[in-house]
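K.L.:
Dropping in upload_16.csv, with CSV, C-alpha atoms.
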```csv
chain,number,residue,atom,x,y,z
V,978,MET,CA,99.1,167.5,73.3
V,979,PHE,CA,100.3,168.7,69.9
V,980,LYS,CA,99.4,172.3,70.8
V,981,LYS,CA,101.5,172.1,74.0
V,982,LEU,CA,104.4,170.7,72.0
V,983,VAL,CA,104.2,173.6,69.5
V,984,ILE,CA,103.9,176.3,72.2
V,985,ALA,CA,106.8,174.8,74.2
V,986,THR,CA,109.0,174.6,71.1
V,987,ALA,CA,108.2,178.2,70.0
V,988,ILE,CA,109.0,179.6,73.5
V,989,ILE,CA,112.3,177.6,73.7
V,990,ALA,CA,113.4,178.6,70.2
V,991,ALA,CA,112.6,182.2,70.8
V,992,SER,CA,114.4,182.3,74.2
V,993,SER,CA,117.5,180.3,73.1
V,994,SER,CA,119.1,183.0,71.0
V,995,VAL,CA,120.9,184.7,73.9
V,996,ALA,CA,124.0,182.8,75.2
V,997,ILE,CA,127.6,183.2,76.3
V,998,ALA,CA,130.4,181.5,74.3
V,999,SER,CA,131.5,178.2,75.7
V,1000,PRO,CA,134.8,176.8,74.6
V,1001,CYS,CA,134.4,173.8,77.0
V,1002,CYS,CA,133.0,170.7,75.4
V,1003,ALA,CA,131.8,172.8,72.5
V,1004,ASN,CA,132.1,170.4,69.5
V,1005,THR,CA,133.1,167.1,71.1
V,1006,GLY,CA,131.3,164.2,72.8
V,1007,ALA,CA,131.1,164.6,76.6
V,1008,PRO,CA,129.4,163.0,79.6
V,1009,TYR,CA,127.1,165.3,81.5
V,1010,VAL,CA,125.1,165.5,84.7
V,1011,GLY,CA,122.0,167.5,85.1
V,1012,VAL,CA,119.5,168.7,87.8
V,1013,SER,CA,116.1,170.2,87.2
V,1014,LEU,CA,112.8,171.2,88.8
V,1015,SER,CA,109.6,170.2,87.2
V,1016,ASN,CA,105.9,171.0,87.4
V,1017,ASN,CA,104.3,167.6,86.9
V,1018,THR,CA,100.6,167.0,86.4
V,1019,VAL,CA,99.4,163.4,86.4
V,1020,GLY,CA,95.8,162.5,85.6
V,1021,ALA,CA,93.8,159.3,85.4
V,1022,GLY,CA,90.0,158.8,85.5
V,1023,ASN,CA,88.6,161.1,88.2
V,1024,SER,CA,92.0,161.8,89.9
V,1025,TYR,CA,94.7,164.2,89.2
V,1026,TYR,CA,97.9,165.2,90.9
V,1027,ARG,CA,100.0,168.3,90.4
V,1028,GLY,CA,103.4,168.7,92.1
V,1029,ILE,CA,106.9,169.9,92.0
V,1030,THR,CA,109.6,167.2,91.4
V,1031,GLY,CA,113.3,167.2,91.4
V,1032,ASN,CA,115.2,165.3,88.6
V,1033,ILE,CA,118.8,164.1,88.4
V,1034,SER,CA,120.2,163.0,85.1
V,1035,LEU,CA,123.4,161.4,83.7
V,1036,GLY,CA,124.1,161.2,80.0
V,1037,TYR,CA,126.5,161.2,77.2
V,1038,GLY,CA,126.0,163.5,74.2
V,1039,ALA,CA,127.9,164.3,71.0
V,1040,ILE,CA,127.6,166.2,67.8
V,1041,VAL,CA,127.4,163.3,65.2
V,1042,SER,CA,127.4,165.5,62.1
V,1043,PRO,CA,127.2,169.3,61.4
V,1044,CYS,CA,124.4,170.7,63.6
V,1045,VAL,CA,123.1,167.2,64.6
V,1046,TYR,CA,123.3,166.2,68.3
V,1047,LEU,CA,122.6,162.8,69.8
V,1048,ALA,CA,122.6,161.8,73.5
V,1049,GLY,CA,121.6,158.9,75.7
V,1050,GLU,CA,120.4,159.7,79.2
V,1051,ILE,CA,119.3,158.0,82.4
V,1052,PHE,CA,117.4,159.9,85.1
V,1053,GLY,CA,115.9,159.6,88.5
V,1054,ILE,CA,113.1,161.4,90.2
V,1055,PRO,CA,113.9,161.0,94.0
V,1056,GLY,CA,110.7,162.7,95.3
V,1057,SER,CA,107.9,165.1,94.8
V,1058,GLY,CA,106.1,167.9,96.7
V,1059,SER,CA,102.3,168.2,96.4
V,1060,GLU,CA,100.5,171.3,95.1
V,1061,THR,CA,97.2,169.6,94.3
V,1062,ASN,CA,96.1,166.1,95.0
V,1063,ASN,CA,92.5,165.8,93.9
V,1064,THR,CA,90.8,162.4,94.0
V,1065,GLY,CA,87.3,162.0,92.7
V,1066,GLN,CA,84.6,160.1,94.6
V,1067,GLY,CA,85.6,156.5,94.9
V,1068,SER,CA,89.0,157.1,93.3
V,1069,VAL,CA,92.6,156.8,94.6
V,1070,SER,CA,95.4,159.4,94.3
V,1071,ALA,CA,97.4,159.7,91.1
V,1072,ARG,CA,100.4,161.1,93.0
V,1073,THR,CA,103.8,159.7,92.0
V,1074,THR,CA,106.5,159.8,94.6
V,1075,TRP,CA,109.6,158.5,92.7
V,1076,GLY,CA,110.7,157.3,89.3
V,1077,TYR,CA,113.5,156.5,86.9
V,1078,GLY,CA,114.0,156.0,83.2
V,1079,ALA,CA,116.1,156.3,80.1
V,1080,SER,CA,115.9,158.5,77.0
V,1081,ILE,CA,117.4,158.9,73.5
V,1082,ILE,CA,117.8,162.7,72.8
V,1083,PRO,CA,118.3,163.8,69.2
V,1084,GLY,CA,118.9,167.5,68.7
V,1085,TRP,CA,119.6,170.2,66.2
V,1086,TYR,CA,122.0,173.1,66.8
V,1087,LEU,CA,120.6,176.5,66.0
V,1088,ASN,CA,124.0,178.1,66.4
V,1089,ASP,CA,127.2,177.1,68.3
V,1090,LYS,CA,125.6,177.6,71.7
V,1091,SER,CA,121.9,176.7,71.4
V,1092,MET,CA,119.9,173.7,70.3
V,1093,ILE,CA,116.4,172.3,70.2
V,1094,TYR,CA,115.9,168.6,70.8
V,1095,GLY,CA,113.4,165.8,71.2
V,1096,ARG,CA,113.2,163.1,73.8
V,1097,LEU,CA,111.9,159.5,73.5
V,1098,GLY,CA,112.2,156.8,76.1
V,1099,GLY,CA,110.7,154.8,78.9
V,1100,THR,CA,109.8,155.7,82.5
V,1101,VAL,CA,108.9,153.7,85.7
V,1102,SER,CA,107.1,155.6,88.4
V,1103,HIS,CA,105.7,154.7,91.9
V,1104,PHE,CA,102.0,155.7,92.3
V,1105,ASN,CA,101.1,156.3,95.9
V,1106,GLY,CA,97.4,155.8,95.9
V,1107,PRO,CA,97.3,152.2,94.5
V,1108,ASN,CA,100.8,151.6,95.9
V,1109,SER,CA,101.9,150.4,92.4
V,1110,ASN,CA,105.0,150.8,90.2
V,1111,LYS,CA,104.1,151.3,86.5
V,1112,GLY,CA,106.1,151.8,83.4
V,1113,GLY,CA,105.2,153.9,80.4
V,1114,TRP,CA,106.7,155.7,77.4
V,1115,HIS,CA,107.5,159.4,77.1
V,1116,VAL,CA,108.1,161.9,74.4
V,1117,GLY,CA,109.1,165.5,74.7
V,1118,VAL,CA,110.7,168.6,73.2
V,1119,GLY,CA,113.1,171.0,74.7
V,1120,GLY,CA,115.8,173.6,74.2
V,1121,GLN,CA,119.3,173.9,75.7
V,1122,THR,CA,121.7,176.9,75.6
V,1123,THR,CA,125.1,177.6,77.0
V,1124,ILE,CA,125.1,180.1,79.9
V,1125,MET,CA,128.8,179.8,80.8
V,1126,PRO,CA,131.7,177.4,80.0
V,1127,CYS,CA,130.5,173.8,80.5
V,1128,TRP,CA,127.1,174.9,82.0
V,1129,ASP,CA,123.9,174.8,80.0
V,1130,LEU,CA,120.4,175.9,80.8
V,1131,ARG,CA,117.7,173.4,79.7
V,1132,GLY,CA,113.9,173.8,79.4
V,1133,GLU,CA,111.6,171.0,78.4
V,1134,TYR,CA,108.1,169.6,78.0
V,1135,THR,CA,107.6,165.9,78.4
V,1136,TYR,CA,104.4,163.8,77.9
V,1137,THR,CA,104.2,160.3,79.5
V,1138,GLU,CA,101.6,157.7,79.2
V,1139,TYR,CA,101.7,154.8,81.7
V,1140,SER,CA,100.4,151.3,81.7
V,1141,ARG,CA,96.9,150.7,83.1
V,1142,ILE,CA,96.5,150.6,86.9
V,1143,SER,CA,93.3,148.7,87.9
V,1144,ALA,CA,92.4,151.1,90.8
V,1145,LEU,CA,93.2,154.2,88.7
V,1146,GLY,CA,92.9,153.7,85.0
V,1147,ARG,CA,95.6,154.7,82.5
V,1148,PRO,CA,97.6,157.6,84.0
V,1149,GLN,CA,99.1,160.4,81.8
V,1150,SER,CA,101.6,163.0,82.8
V,1151,ASP,CA,102.4,166.5,81.5
V,1152,MET,CA,105.8,167.7,82.8
V,1153,PHE,CA,107.4,171.1,82.3
V,1154,SER,CA,111.1,171.2,83.5
V,1155,LEU,CA,113.8,173.9,83.9
V,1156,GLY,CA,117.3,172.8,84.9
V,1157,LEU,CA,121.1,173.0,84.6
V,1158,VAL,CA,123.4,170.6,82.7
V,1159,TYR,CA,127.1,170.4,83.5
V,1160,LYS,CA,129.3,168.9,80.7
V,1161,ILE,CA,132.2,167.0,82.2
V,1162,ALA,CA,135.4,167.8,80.2
```
I need this file expressed as structure tokens, please.

P.N.:
Amino acid sequence: MFKKLVIATAIIAASSSVAIASPCCANTGAPYVGVSLSNNTVGAGNSYYRGITGNISLGYGAIVSPCVYLAGEIFGIPGSGSETNNTGQGSVSARTTWGYGASIIPGWYLNDKSMIYGRLGGTVSHFNGPNSNKGGWHVGVGGQTTIMPCWDLRGEYTYTEYSRISALGRPQSDMFSLGLVYKIA
């Protein structure tokens, strides 16, 4: 997991140096709405699932001191499309079909348009195979850069570990996301 975090952070930091100036919401607190697509891999025991999910988020973020950003965010995952749904012999599917959660997002501005950030919070997801809703915690790293006034591009890696499901084990998720954030002025 640490290697994935380092690689994702390096890619995001290297790609976040190109941006267009954004006078909108630049140095003030602002609510925002975001949409993203994610490649999500969930594994537990002999089962794993890989699929594309859509995410919708609402949050409020602000610069709390020079270069330091802090946000709170709620999100929903309304559905998923399956790429691979592999169940081992005698196992049930690890596929998740919907979810929701909340995160605290501390960040560090690299310049006036780009930042790197961490994500820490909780998630609840519905697992199709055992027909069970399970909660878990998540941690992630990402980068966000302004692409035009009030619009940011966000890339992120998030790791989630869920509570134990008797028919499945203890599911874990690796999610890579790319999306847009609109800051409401």

K.L.:
Using 8 Å as the limit and counting all atoms listed in the file, can you tabulate each residue of range 1027-1121 of chain V that touches range 1137-1140 of chain V, with its shortest atom-to-atom distance in Å and the two atoms involved, as JSON lines?

P.N.:
```
{"residue": "V:Thr1100", "atom": "CA", "partner": "V:Thr1137", "partner_atom": "CA", "distance": 7.8}
{"residue": "V:Lys1111", "atom": "CA", "partner": "V:Ser1140", "partner_atom": "CA", "distance": 6.1}
{"residue": "V:Gly1112", "atom": "CA", "partner": "V:Tyr1139", "partner_atom": "CA", "distance": 5.6}
{"residue": "V:Gly1113", "atom": "CA", "partner": "V:Tyr1139", "partner_atom": "CA", "distance": 3.8}
{"residue": "V:Trp1114", "atom": "CA", "partner": "V:Thr1137", "partner_atom": "CA", "distance": 5.6}
{"residue": "V:His1115", "atom": "CA", "partner": "V:Thr1137", "partner_atom": "CA", "distance": 4.2}
{"residue": "V:Val1116", "atom": "CA", "partner": "V:Thr1137", "partner_atom": "CA", "distance": 6.6}
```

K.L.:
Which residues, written as a ChimeraX atom specification, have at least one atom at most 10 Å from Gly1036 in chain V, with all atoms listed in the file counted and residues fewer than 5 positions away on the same chain left out?

P.N.:
/V:1007-1011,1048-1052,1079-1082,1158,1160

K.L.:
Quick one: write out the picked residues with C-alpha atoms as a JSON list (two decimals), keeping the file's coordinate frame?

P.N.:
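Here's the written file selection-v4.json:
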```json
[["chain", "number", "residue", "atom", "x", "y", "z"],
["V", 1007, "ALA", "CA", 131.10, 164.60, 76.60],
["V", 1008, "PRO", "CA", 129.40, 163.00, 79.60],
["V", 1009, "TYR", "CA", 127.10, 165.30, 81.50],
["V", 1010, "VAL", "CA", 125.10, 165.50, 84.70],
["V", 1011, "GLY", "CA", 122.00, 167.50, 85.10],
["V", 1048, "ALA", "CA", 122.60, 161.80, 73.50],
["V", 1049, "GLY", "CA", 121.60, 158.90, 75.70],
["V", 1050, "GLU", "CA", 120.40, 159.70, 79.20],
["V", 1051, "ILE", "CA", 119.30, 158.00, 82.40],
["V", 1052, "PHE", "CA", 117.40, 159.90, 85.10],
["V", 1079, "ALA", "CA", 116.10, 156.30, 80.10],
["V", 1080, "SER", "CA", 115.90, 158.50, 77.00],
["V", 1081, "ILE", "CA", 117.40, 158.90, 73.50],
["V", 1082, "ILE", "CA", 117.80, 162.70, 72.80],
["V", 1158, "VAL", "CA", 123.40, 170.60, 82.70],
["V", 1160, "LYS", "CA", 129.30, 168.90, 80.70]]
```

K.L.:
Counting all atoms listed in the file, which residues have an atom no more than 12 Å from (104.4, 166.1, 81.3) in the file's coordinates? Please list them as an MDAnalysis selection string.

P.N.:
chainID V and resid 978 981:982 985 1015:1020 1026:1030 1096 1100 1114:1119 1133:1139 1148:1154

K.L.:
Nearest to Ser1109 in chain V: which of V:Gln1121, V:Asn1063, V:Ser1091, V:Thr1073 is it, counting all atoms listed in the file?

P.N.:
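Counting all atoms listed in the file, the residue closest to Ser1109 in chain V is V:Thr1073.
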
K.L.:
To one decimal place in Å, what is the distance between CA of Met1125 in chain V and CA of Gly1095 in chain V?

P.N.:
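Separation between CA of Met1125 in chain V and CA of Gly1095 in chain V: 22.9 Å.
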
K.L.:
Grab the CA of Thr1122 in chain V to CA of Gly1053 in chain V distance for me, in Å with one decimal place.

P.N.:
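Computing the Euclidean distance for CA of Thr1122 in chain V and CA of Gly1053 in chain V yields 22.3 Å.
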
K.L.:
Which polymer residues have any atom within 12 Å of an atom of Asn1110 in chain V, counting all atoms listed in the file, with same-chain residues fewer than 6 positions away left out, as a PyMOL selection string?

P.N.:
chain V and resi 1071-1077+1100-1104+1139-1142+1148

K.L.:
Just the number, please: distance in Å from CA of Ala1162 in chain V to CA of Asp1129 in chain V, one decimal.

P.N.:
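Separation between CA of Ala1162 in chain V and CA of Asp1129 in chain V: 13.5 Å.
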
K.L.:
From the options V:Leu1087, V:Ile1033, V:Ala1144, V:Leu1155, which residue's atoms come nearest to Gly1056 in chain V, counting all atoms listed in the file?

P.N.:
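With all atoms listed in the file as the atom set, the closest residue is V:Ile1033.
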
K.L.:
I need the residue nearest Ile1161 in chain V from this list: V:Ala1021, V:Leu1145, V:Ile1040, V:Cys1127. Use only C-alpha atoms for the distance.

P.N.:
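Nearest candidate to Ile1161 in chain V out of V:Ala1021, V:Leu1145, V:Ile1040, V:Cys1127: V:Cys1127.
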